[in-house]
file upload_17.txt (compact mmCIF, C-alpha atoms)
# COMPACT_ATOMS: atom_id res chain seq x y z
CA MET P 1 -32.41 3.71 -4.83
CA GLU P 2 -29.76 5.28 -7.11
CA SER P 3 -27.41 5.77 -4.17
CA PHE P 4 -27.70 2.06 -3.27
CA ILE P 5 -27.01 1.06 -6.87
CA GLY P 6 -23.96 3.35 -6.83
CA LYS P 7 -22.63 1.54 -3.76
CA ALA P 8 -23.14 -1.81 -5.48
CA GLU P 9 -21.25 -0.59 -8.54
CA VAL P 10 -18.31 0.42 -6.34
CA LEU P 11 -18.20 -3.10 -4.92
CA MET P 12 -18.39 -4.60 -8.40
CA GLU P 13 -15.48 -2.44 -9.55
CA ALA P 14 -13.41 -3.90 -6.71
CA LEU P 15 -14.38 -7.53 -7.43
CA PRO P 16 -11.77 -8.26 -10.17
CA TYR P 17 -9.01 -6.92 -7.93
CA ILE P 18 -10.20 -8.96 -4.94
CA ARG P 19 -10.24 -12.09 -7.11
CA ARG P 20 -6.78 -11.34 -8.52
CA PHE P 21 -5.13 -10.65 -5.16
CA TYR P 22 -6.85 -13.29 -3.01
CA GLY P 23 -4.21 -15.12 -0.96
CA LYS P 24 -1.44 -12.68 -1.94
CA THR P 25 0.80 -10.77 0.45
CA PHE P 26 0.93 -6.97 0.47
CA VAL P 27 3.58 -5.11 2.47
CA VAL P 28 2.28 -1.67 3.41
CA LYS P 29 4.56 0.97 4.89
CA CYS P 30 2.75 3.54 7.03
CA THR P 31 4.41 6.95 7.32
CA GLY P 32 4.84 8.37 10.81
CA SER P 33 3.13 11.65 9.90
CA LEU P 34 -0.10 9.76 9.14
CA MET P 35 -0.24 8.77 12.81
CA LEU P 36 -0.61 12.44 13.80
CA ASP P 37 -4.07 12.69 12.21
CA GLU P 38 -6.90 10.86 13.99
CA GLU P 39 -9.08 10.53 10.88
CA LEU P 40 -6.26 9.22 8.70
CA LYS P 41 -5.17 6.76 11.39
CA ALA P 42 -8.66 5.32 11.57
CA SER P 43 -9.06 5.02 7.79
CA PHE P 44 -5.66 3.32 7.48
CA ALA P 45 -6.55 0.76 10.13
CA GLN P 46 -9.89 0.10 8.41
CA ASP P 47 -8.10 -0.42 5.07
CA ILE P 48 -5.74 -2.99 6.58
CA VAL P 49 -8.57 -4.88 8.29
CA LEU P 50 -10.61 -4.96 5.09
CA LEU P 51 -7.65 -6.37 3.14
CA LYS P 52 -7.41 -9.21 5.64
CA TYR P 53 -11.14 -9.96 5.47
CA VAL P 54 -11.14 -10.21 1.65
CA GLY P 55 -8.34 -12.77 1.70
CA ILE P 56 -5.24 -10.59 1.25
CA ASN P 57 -2.38 -10.92 3.76
CA PRO P 58 -1.27 -7.41 4.78
CA VAL P 59 2.04 -6.87 6.57
CA VAL P 60 2.43 -3.38 8.04
CA VAL P 61 5.79 -1.63 8.46
CA HIS P 62 5.75 1.81 10.06
CA GLY P 63 8.01 4.80 10.47
CA GLY P 64 7.88 7.54 13.05
CA GLY P 65 10.10 10.41 11.89
CA PRO P 66 7.98 13.34 13.11
CA GLN P 67 7.42 11.77 16.52
CA ILE P 68 11.13 10.98 16.93
CA THR P 69 12.08 14.54 15.96
CA GLU P 70 9.55 15.95 18.41
CA MET P 71 10.89 13.81 21.24
CA MET P 72 14.48 14.74 20.39
CA GLU P 73 13.61 18.44 20.46
CA LYS P 74 11.96 18.04 23.86
CA MET P 75 15.23 16.55 25.08
CA GLY P 76 17.29 19.36 23.54
CA THR P 77 18.68 17.44 20.56
CA ARG P 78 18.55 18.62 16.95
CA ALA P 79 17.77 16.20 14.13
CA VAL P 80 20.35 15.92 11.32
CA PHE P 81 19.78 14.04 8.05
CA VAL P 82 22.14 12.73 5.35
CA ARG P 83 20.53 11.55 2.08
CA GLY P 84 17.24 11.23 3.90
CA MET P 85 18.75 9.15 6.73
CA ARG P 86 18.60 10.36 10.34
CA VAL P 87 22.02 10.60 12.00
CA THR P 88 21.62 8.42 15.12
CA THR P 89 24.01 8.51 18.08
CA GLU P 90 23.85 5.97 20.93
CA GLU P 91 21.83 8.43 23.03
CA MET P 92 19.44 9.08 20.14
CA MET P 93 19.02 5.34 19.57
CA ASP P 94 17.32 5.03 22.94
CA ILE P 95 14.83 7.71 21.89
CA VAL P 96 14.28 6.12 18.48
CA GLU P 97 13.56 2.68 19.95
CA MET P 98 11.30 4.09 22.66
CA VAL P 99 9.18 6.04 20.16
CA LEU P 100 9.03 3.39 17.41
CA VAL P 101 8.61 0.22 19.47
CA GLY P 102 7.08 1.53 22.69
CA LYS P 103 4.65 4.09 21.31
CA ILE P 104 3.84 4.06 17.59
CA ASN P 105 3.91 0.28 17.13
CA LYS P 106 1.49 -0.30 19.98
CA GLU P 107 -0.77 2.49 18.78
CA ILE P 108 -1.12 0.96 15.30
CA VAL P 109 -1.70 -2.50 16.76
CA ASN P 110 -4.43 -1.13 19.01
CA LEU P 111 -6.11 0.74 16.13
CA ILE P 112 -6.22 -2.33 13.91
CA ASN P 113 -7.62 -4.43 16.74
CA GLN P 114 -10.26 -1.81 17.52
CA HIS P 115 -11.49 -2.03 13.92
CA GLY P 116 -11.90 -5.80 13.98
CA GLY P 117 -8.47 -7.10 13.06
CA MET P 118 -5.97 -9.18 15.04
CA ALA P 119 -2.66 -7.36 14.94
CA VAL P 120 0.62 -8.28 16.65
CA GLY P 121 3.48 -5.81 17.12
CA LEU P 122 7.07 -6.74 16.27
CA SER P 123 10.47 -5.14 15.94
CA GLY P 124 13.41 -6.54 14.02
CA LYS P 125 14.68 -8.06 17.26
CA ASP P 126 11.73 -10.45 17.54
CA GLY P 127 12.50 -13.90 16.18
CA GLY P 128 15.68 -12.57 14.56
CA LEU P 129 13.46 -10.85 12.01
CA ILE P 130 15.87 -8.12 10.85
CA ARG P 131 19.64 -8.68 10.96
CA ALA P 132 21.62 -5.51 10.33
CA GLN P 133 25.04 -3.91 10.23
CA LYS P 134 26.27 -0.34 10.35
CA MET P 135 25.48 1.58 7.18
CA SER P 136 28.13 3.50 5.24
CA VAL P 137 26.82 6.52 3.35
CA ARG P 138 28.70 8.25 0.57
CA VAL P 139 27.97 11.88 -0.28
CA SER P 140 29.46 14.29 -2.79
CA SER P 141 31.53 16.93 -1.03
CA ASP P 142 32.53 19.15 -3.95
CA GLY P 143 30.53 17.80 -6.85
CA GLU P 144 33.26 15.34 -7.78
CA THR P 145 34.63 13.55 -4.70
CA ASN P 146 32.56 11.07 -2.70
CA GLU P 147 33.15 10.93 1.05
CA ILE P 148 31.99 8.32 3.54
CA VAL P 149 29.93 10.04 6.24
CA ASP P 150 29.42 8.46 9.68
CA ILE P 151 25.72 8.62 10.49
CA GLY P 152 25.95 6.61 13.71
CA LEU P 153 23.72 3.66 14.55
CA VAL P 154 21.89 3.66 11.26
CA GLY P 155 21.76 0.15 9.90
CA GLU P 156 21.61 -1.59 6.58
CA ILE P 157 19.88 -4.93 6.34
CA VAL P 158 21.99 -8.05 5.88
CA GLY P 159 19.22 -10.59 6.31
CA ILE P 160 15.48 -11.09 6.90
CA ASN P 161 14.10 -14.13 8.70
CA PRO P 162 10.40 -14.17 7.74
CA ALA P 163 9.50 -17.20 9.90
CA VAL P 164 7.70 -15.16 12.57
CA ILE P 165 5.73 -13.23 9.92
CA ASN P 166 4.70 -16.43 8.15
CA SER P 167 3.59 -17.95 11.44
CA LEU P 168 1.41 -14.93 12.22
CA ASP P 169 -0.09 -14.88 8.72
CA GLU P 170 -0.99 -18.56 8.91
CA ASN P 171 -2.86 -17.91 12.15
CA LYS P 172 -4.82 -14.94 10.75
CA PHE P 173 -2.80 -12.28 12.59
CA ILE P 174 -1.63 -9.01 11.01
CA PRO P 175 2.09 -8.31 11.68
CA VAL P 176 2.96 -4.68 12.50
CA ILE P 177 6.72 -4.11 12.33
CA ALA P 178 8.90 -1.35 13.78
CA PRO P 179 12.09 -0.71 11.72
CA ILE P 180 14.65 -1.65 14.36
CA GLY P 181 17.38 -4.15 13.48
CA VAL P 182 19.89 -6.11 15.52
CA GLY P 183 23.60 -6.53 14.81
CA GLU P 184 25.86 -9.55 15.10
CA LYS P 185 26.87 -8.60 18.65
CA GLY P 186 23.37 -7.60 19.72
CA GLU P 187 23.72 -3.90 18.90
CA THR P 188 20.54 -2.00 18.00
CA TYR P 189 20.22 -0.19 14.67
CA ASN P 190 17.80 2.42 13.39
CA ILE P 191 16.79 1.44 9.85
CA ASN P 192 14.84 3.48 7.33
CA ALA P 193 11.29 2.11 7.34
CA ASP P 194 10.99 2.22 3.55
CA LEU P 195 14.07 0.02 3.18
CA VAL P 196 12.74 -2.40 5.81
CA ALA P 197 9.43 -2.63 3.97
CA GLY P 198 11.20 -3.31 0.68
CA GLN P 199 13.43 -6.05 2.10
CA ILE P 200 10.53 -7.73 3.89
CA ALA P 201 8.48 -7.62 0.69
CA GLU P 202 11.33 -9.38 -1.12
CA ALA P 203 11.73 -12.01 1.60
CA LEU P 204 8.00 -12.77 1.55
CA GLY P 205 7.72 -12.78 -2.24
CA ALA P 206 5.03 -10.12 -1.89
CA GLU P 207 2.66 -9.26 -4.70
CA LYS P 208 2.78 -5.57 -3.80
CA LEU P 209 4.91 -3.11 -1.85
CA ILE P 210 2.96 0.04 -0.98
CA LEU P 211 4.74 3.04 0.57
CA LEU P 212 2.55 5.74 2.08
CA THR P 213 4.08 9.20 2.19
CA ASP P 214 2.99 12.71 3.19
CA VAL P 215 3.31 14.22 -0.30
CA GLU P 216 1.52 13.52 -3.59
CA ALA P 217 4.18 10.98 -4.65
CA VAL P 218 6.89 11.31 -7.33
CA LYS P 219 6.90 14.39 -9.56
CA ASP P 220 8.83 15.30 -12.69
CA LYS P 221 10.97 18.42 -13.32
CA LYS P 222 7.84 20.48 -13.94
CA GLY P 223 6.31 19.44 -10.64
CA GLU P 224 3.68 17.26 -12.26
CA LEU P 225 2.69 13.95 -10.67
CA LEU P 226 4.05 10.83 -12.37
CA SER P 227 1.45 8.06 -12.30
CA THR P 228 3.96 5.49 -13.61
CA LEU P 229 7.73 5.50 -13.32
CA LYS P 230 10.14 3.02 -14.93
CA ILE P 231 13.31 1.96 -13.12
CA ASN P 232 15.65 3.72 -15.56
CA GLN P 233 13.58 6.92 -15.32
CA ALA P 234 13.65 6.75 -11.53
CA ARG P 235 17.44 6.45 -11.42
CA LYS P 236 17.81 9.41 -13.75
CA LEU P 237 15.54 11.58 -11.57
CA ILE P 238 17.68 10.75 -8.53
CA GLN P 239 20.90 11.61 -10.37
CA GLU P 240 19.43 14.91 -11.54
CA GLY P 241 18.26 15.82 -8.04
CA VAL P 242 14.59 15.89 -9.04
CA VAL P 243 13.97 13.07 -6.57
CA ALA P 244 15.64 14.25 -3.36
CA GLY P 245 15.58 14.07 0.44
CA GLY P 246 13.26 11.50 1.98
CA MET P 247 11.92 10.47 -1.43
CA ILE P 248 15.31 8.97 -2.36
CA PRO P 249 15.10 5.89 -0.07
CA LYS P 250 11.46 5.39 -1.12
CA VAL P 251 12.28 5.24 -4.82
CA GLU P 252 15.46 3.23 -4.22
CA CYS P 253 13.64 0.62 -2.17
CA CYS P 254 10.98 0.28 -4.89
CA ILE P 255 13.73 -0.36 -7.44
CA GLU P 256 15.44 -2.97 -5.24
CA ALA P 257 12.12 -4.65 -4.40
CA LEU P 258 11.28 -5.01 -8.09
CA LYS P 259 14.73 -6.44 -8.78
CA GLY P 260 14.16 -8.83 -5.86
CA GLY P 261 10.97 -10.24 -7.31
CA VAL P 262 8.17 -8.14 -5.81
CA GLY P 263 5.25 -7.94 -8.25
CA LYS P 264 4.52 -4.20 -8.18
CA THR P 265 5.52 -1.21 -6.07
CA HIS P 266 3.59 1.94 -5.26
CA ILE P 267 4.35 5.28 -3.61
CA ILE P 268 1.04 6.81 -2.60
CA ASP P 269 -0.32 9.91 -0.87
CA GLY P 270 -1.13 8.84 2.68
CA ARG P 271 -2.95 12.13 3.33
CA VAL P 272 -5.88 10.81 1.27
CA LYS P 273 -8.48 8.88 3.29
CA HIS P 274 -8.51 5.17 2.42
CA ALA P 275 -5.49 5.68 0.15
CA VAL P 276 -4.57 1.99 0.30
CA LEU P 277 -8.00 0.84 -0.90
CA LEU P 278 -8.11 3.48 -3.62
CA GLU P 279 -4.71 2.42 -4.96
CA ILE P 280 -5.52 -1.30 -4.95
CA PHE P 281 -9.18 -1.48 -5.91
CA THR P 282 -9.63 1.37 -8.41
CA LYS P 283 -8.22 2.13 -11.85
CA GLU P 284 -7.07 5.67 -11.05
CA GLY P 285 -4.98 5.16 -7.89
CA VAL P 286 -3.57 7.95 -5.74
CA GLY P 287 0.17 7.96 -6.37
CA THR P 288 3.10 6.69 -8.42
CA GLU P 289 3.59 3.12 -9.53
CA VAL P 290 7.26 2.20 -9.98
CA VAL P 291 7.59 -0.60 -12.54
CA ARG P 292 10.35 -2.62 -14.19
CA LYS P 293 9.75 -1.57 -17.80

call {"tool": "encode", "arguments": {"input": "upload_17.txt", "output": "structure tokens"}}
result
Amino acid sequence: MESFIGKAEVLMEALPYIRRFYGKTFVVKCTGSLMLDEELKASFAQDIVLLKYVGINPVVVHGGGPQITEMMEKMGTRAVFVRGMRVTTEEMMDIVEMVLVGKINKEIVNLINQHGGMAVGLSGKDGGLIRAQKMSVRVSSDGETNEIVDIGLVGEIVGINPAVINSLDENKFIPVIAPIGVGEKGETYNINADLVAGQIAEALGAEKLILLTDVEAVKDKKGELLSTLKINQARKLIQEGVVAGGMIPKVECCIEALKGGVGKTHIIDGRVKHAVLLEIFTKEGVGTEVVRK
């Protein structure tokens, strides 16, 4: 009997959060490395389906870095990154689109549907969802001078048209979005999935932006996990190099999303089963919350 009571208490703990977030939109970015683990894939899909059934509108954006790197290596190409962004030539773009849109997107859609949801796969090309242009990246070459580095067909977002997402939400579907954008002349761009998630969250006026990663989340200089991080603290950690590599675009997109009106942003450990539910429906959470003040 005690075990049954314990289960009821867990549900009661979640009740205030369910009431608070009913009818709200959450944008959840799924890291590509999560899709390499069968157990984590299943728990993520279950989390998303449960959100939909309790009245929350989840929108999934996914990456696919490890899978893209693996495919590139099979084809004899080495991956190169600048400030966490993958350098993408025209030849590499074909690989990126094939892996993101043709493989990972369909896999996530299938998983969600298998667990009782109704998911629909999209890329930024569908319905003019993500309009993009070539990104210019500046890096420090000698500690003082900033240089513009050409990283190929990596895009920055110039506009989001959320009409197709809104239409799917209204009809009880769960959008699953691959981070591919389209240029003014129809050119295809590889866009960092974290940045896509942040911009979509802004366009939808989302209550939450949740970024799953394959590390604990954001840590301080001593290597200790930060449960809460203010915008000014986050910028300082980037400047000091404490936040580096792939964590830079994650933190930056949280900052921009908050400035753009998103309610709250979270960077959470996607290696934890049911990480999304734990972050939303419990007091403790499993990552770092980036907040305005």

call {"tool": "closest_residue", "arguments": {"input": "upload_17.txt", "among": "P:Thr88, P:Thr282, P:Asn232, P:Thr25", "to": "Leu209 in chain P", "atoms": "only C-alpha atoms"}}
result
P:Thr25

call {"tool": "closest_residue", "arguments": {"input": "upload_17.txt", "among": "P:Ile268, P:Val176, P:Val196, P:Met75", "to": "Glu256 in chain P", "atoms": "only C-alpha atoms"}}
result
P:Val196

call {"tool": "residues_around", "arguments": {"input": "upload_17.txt", "residues": "Ile157 in chain P", "least_positions_apart": "6", "cutoff": "7 Å", "atoms": "all atoms listed in the file", "output": "list in words"}}
result
Ile130, Arg131, Ala132 and Gln133 of chain P

call {"tool": "residues_near_point", "arguments": {"input": "upload_17.txt", "point": "(19.3, -2.0, 13.1)", "cutoff": "8 Å", "atoms": "only C-alpha atoms", "output": "count of residues only"}}
result
21

call {"tool": "closest_residue", "arguments": {"input": "upload_17.txt", "among": "P:Val61, P:Val290, P:Cys254, P:Ile280", "to": "Ile18 in chain P", "atoms": "all atoms listed in the file"}}
result
P:Ile280

call {"tool": "residues_around", "arguments": {"input": "upload_17.txt", "residues": "range 115-121 of chain P", "least_positions_apart": "5", "cutoff": "6 Å", "atoms": "only C-alpha atoms", "output": "MDAnalysis selection string"}}
result
chainID P and resid 49 109 173:176

call {"tool": "closest_residue", "arguments": {"input": "upload_17.txt", "among": "P:Lys236, P:Lys222, P:Lys125, P:Lys264", "to": "Ala178 in chain P", "atoms": "only C-alpha atoms"}}
result
P:Lys125

call {"tool": "closest_residue", "arguments": {"input": "upload_17.txt", "among": "P:Asp214, P:Asp220, P:Glu107, P:Asp269", "to": "Gly246 in chain P", "atoms": "all atoms listed in the file"}}
result
P:Asp214

call {"tool": "residues_around", "arguments": {"input": "upload_17.txt", "residues": "Glu39 in chain P", "least_positions_apart": "5", "cutoff": "10 Å", "atoms": "all atoms listed in the file", "output": "VMD selection string"}}
result
chain P and resid 34 44 271 273

call {"tool": "write_last_selection", "arguments": {"input": "upload_17.txt", "atoms": "C-alpha atoms", "output": "CSV table (one decimal), in the frame of the given file"}}
result
chain,number,residue,atom,x,y,z
P,34,LEU,CA,-0.1,9.8,9.1
P,44,PHE,CA,-5.7,3.3,7.5
P,271,ARG,CA,-3.0,12.1,3.3
P,273,LYS,CA,-8.5,8.9,3.3

call {"tool": "closest_residue", "arguments": {"input": "upload_17.txt", "among": "P:Glu91, P:Asp169, P:Asp194, P:Glu207", "to": "Gly65 in chain P", "atoms": "all atoms listed in the file"}}
result
P:Asp194

call {"tool": "residues_around", "arguments": {"input": "upload_17.txt", "residues": "Glu73 in chain P", "least_positions_apart": "6", "cutoff": "12 Å", "atoms": "only C-alpha atoms", "output": "PyMOL selection string"}}
result
chain P and resi 66-67+79-80+92+95

call {"tool": "decode", "arguments": {"input": "upload_17.txt", "residues": "range 9-35 of chain P", "atoms": "N, CA, C and O atoms", "output": "mmCIF file, in the first residue's frame"}}
result
data_model
loop_
_atom_site.group_PDB
_atom_site.id
_atom_site.type_symbol
_atom_site.label_atom_id
_atom_site.label_comp_id
_atom_site.auth_asym_id
_atom_site.auth_seq_id
_atom_site.Cartn_x
_atom_site.Cartn_y
_atom_site.Cartn_z
ATOM 1 N N GLU P 9 1.544 10.425 -4.441
ATOM 2 C CA GLU P 9 2.209 11.651 -3.999
ATOM 3 C C GLU P 9 3.039 12.268 -5.124
ATOM 4 O O GLU P 9 3.131 13.492 -5.234
ATOM 5 N N VAL P 10 3.641 11.421 -5.954
ATOM 6 C CA VAL P 10 4.391 11.922 -7.102
ATOM 7 C C VAL P 10 3.460 12.672 -8.051
ATOM 8 O O VAL P 10 3.784 13.758 -8.551
ATOM 9 N N LEU P 11 2.293 12.093 -8.292
ATOM 10 C CA LEU P 11 1.316 12.743 -9.164
ATOM 11 C C LEU P 11 0.847 14.072 -8.577
ATOM 12 O O LEU P 11 0.682 15.062 -9.291
ATOM 13 N N MET P 12 0.636 14.090 -7.258
ATOM 14 C CA MET P 12 0.184 15.314 -6.607
ATOM 15 C C MET P 12 1.252 16.406 -6.660
ATOM 16 O O MET P 12 0.936 17.593 -6.757
ATOM 17 N N GLU P 13 2.511 16.006 -6.598
ATOM 18 C CA GLU P 13 3.597 16.987 -6.714
ATOM 19 C C GLU P 13 3.582 17.642 -8.088
ATOM 20 O O GLU P 13 3.891 18.832 -8.235
ATOM 21 N N ALA P 14 3.202 16.866 -9.107
ATOM 22 C CA ALA P 14 3.183 17.396 -10.469
ATOM 23 C C ALA P 14 1.960 18.261 -10.751
ATOM 24 O O ALA P 14 1.978 19.088 -11.672
ATOM 25 N N LEU P 15 0.883 18.108 -9.963
ATOM 26 C CA LEU P 15 -0.379 18.782 -10.249
ATOM 27 C C LEU P 15 -0.268 20.305 -10.375
ATOM 28 O O LEU P 15 -0.808 20.889 -11.325
ATOM 29 N N PRO P 16 0.421 21.015 -9.450
ATOM 30 C CA PRO P 16 0.512 22.476 -9.600
ATOM 31 C C PRO P 16 1.190 22.901 -10.901
ATOM 32 O O PRO P 16 0.817 23.929 -11.490
ATOM 33 N N TYR P 17 2.185 22.112 -11.331
ATOM 34 C CA TYR P 17 2.886 22.443 -12.564
ATOM 35 C C TYR P 17 1.994 22.201 -13.779
ATOM 36 O O TYR P 17 1.999 22.982 -14.734
ATOM 37 N N ILE P 18 1.239 21.104 -13.752
ATOM 38 C CA ILE P 18 0.316 20.811 -14.846
ATOM 39 C C ILE P 18 -0.712 21.924 -14.969
ATOM 40 O O ILE P 18 -1.018 22.402 -16.072
ATOM 41 N N ARG P 19 -1.253 22.370 -13.828
ATOM 42 C CA ARG P 19 -2.238 23.445 -13.829
ATOM 43 C C ARG P 19 -1.633 24.741 -14.365
ATOM 44 O O ARG P 19 -2.262 25.467 -15.145
ATOM 45 N N ARG P 20 -0.406 25.039 -13.952
ATOM 46 C CA ARG P 20 0.254 26.279 -14.352
ATOM 47 C C ARG P 20 0.565 26.312 -15.850
ATOM 48 O O ARG P 20 0.456 27.359 -16.498
ATOM 49 N N PHE P 21 0.952 25.162 -16.402
ATOM 50 C CA PHE P 21 1.429 25.138 -17.781
ATOM 51 C C PHE P 21 0.391 24.650 -18.786
ATOM 52 O O PHE P 21 0.704 24.526 -19.974
ATOM 53 N N TYR P 22 -0.834 24.381 -18.337
ATOM 54 C CA TYR P 22 -1.869 23.905 -19.256
ATOM 55 C C TYR P 22 -2.092 24.929 -20.376
ATOM 56 O O TYR P 22 -2.270 26.124 -20.127
ATOM 57 N N GLY P 23 -2.048 24.457 -21.619
ATOM 58 C CA GLY P 23 -2.262 25.322 -22.769
ATOM 59 C C GLY P 23 -1.039 26.096 -23.224
ATOM 60 O O GLY P 23 -1.089 26.811 -24.234
ATOM 61 N N LYS P 24 0.080 25.965 -22.502
ATOM 62 C CA LYS P 24 1.308 26.679 -22.854
ATOM 63 C C LYS P 24 2.128 25.878 -23.879
ATOM 64 O O LYS P 24 1.958 24.669 -24.030
ATOM 65 N N THR P 25 3.023 26.583 -24.545
ATOM 66 C CA THR P 25 3.905 25.951 -25.527
ATOM 67 C C THR P 25 5.305 25.796 -24.955
ATOM 68 O O THR P 25 5.864 26.758 -24.413
ATOM 69 N N PHE P 26 5.851 24.600 -25.069
ATOM 70 C CA PHE P 26 7.236 24.326 -24.689
ATOM 71 C C PHE P 26 8.005 23.928 -25.947
ATOM 72 O O PHE P 26 7.565 23.043 -26.689
ATOM 73 N N VAL P 27 9.134 24.553 -26.187
ATOM 74 C CA VAL P 27 10.028 24.129 -27.266
ATOM 75 C C VAL P 27 11.150 23.312 -26.642
ATOM 76 O O VAL P 27 11.849 23.797 -25.749
ATOM 77 N N VAL P 28 11.290 22.075 -27.087
ATOM 78 C CA VAL P 28 12.260 21.151 -26.504
ATOM 79 C C VAL P 28 13.256 20.746 -27.580
ATOM 80 O O VAL P 28 12.874 20.191 -28.606
ATOM 81 N N LYS P 29 14.523 21.043 -27.332
ATOM 82 C CA LYS P 29 15.570 20.659 -28.276
ATOM 83 C C LYS P 29 16.218 19.355 -27.826
ATOM 84 O O LYS P 29 16.749 19.257 -26.724
ATOM 85 N N CYS P 30 16.153 18.355 -28.693
ATOM 86 C CA CYS P 30 16.703 17.031 -28.411
ATOM 87 C C CYS P 30 18.094 16.920 -29.027
ATOM 88 O O CYS P 30 18.263 17.121 -30.230
ATOM 89 N N THR P 31 19.090 16.606 -28.204
ATOM 90 C CA THR P 31 20.455 16.460 -28.711
ATOM 91 C C THR P 31 20.608 15.186 -29.521
ATOM 92 O O THR P 31 19.980 14.156 -29.227
ATOM 93 N N GLY P 32 21.446 15.249 -30.550
ATOM 94 C CA GLY P 32 21.629 14.088 -31.419
ATOM 95 C C GLY P 32 22.191 12.880 -30.703
ATOM 96 O O GLY P 32 21.856 11.733 -31.029
ATOM 97 N N SER P 33 23.041 13.105 -29.687
ATOM 98 C CA SER P 33 23.657 11.981 -28.976
ATOM 99 C C SER P 33 22.622 11.169 -28.208
ATOM 100 O O SER P 33 22.795 9.973 -27.984
ATOM 101 N N LEU P 34 21.523 11.805 -27.799
ATOM 102 C CA LEU P 34 20.459 11.084 -27.101
ATOM 103 C C LEU P 34 19.878 9.996 -27.988
ATOM 104 O O LEU P 34 19.468 8.937 -27.505
ATOM 105 N N MET P 35 19.864 10.240 -29.303
ATOM 106 C CA MET P 35 19.264 9.293 -30.235
ATOM 107 C C MET P 35 20.119 8.055 -30.458
ATOM 108 O O MET P 35 19.729 7.132 -31.182
#
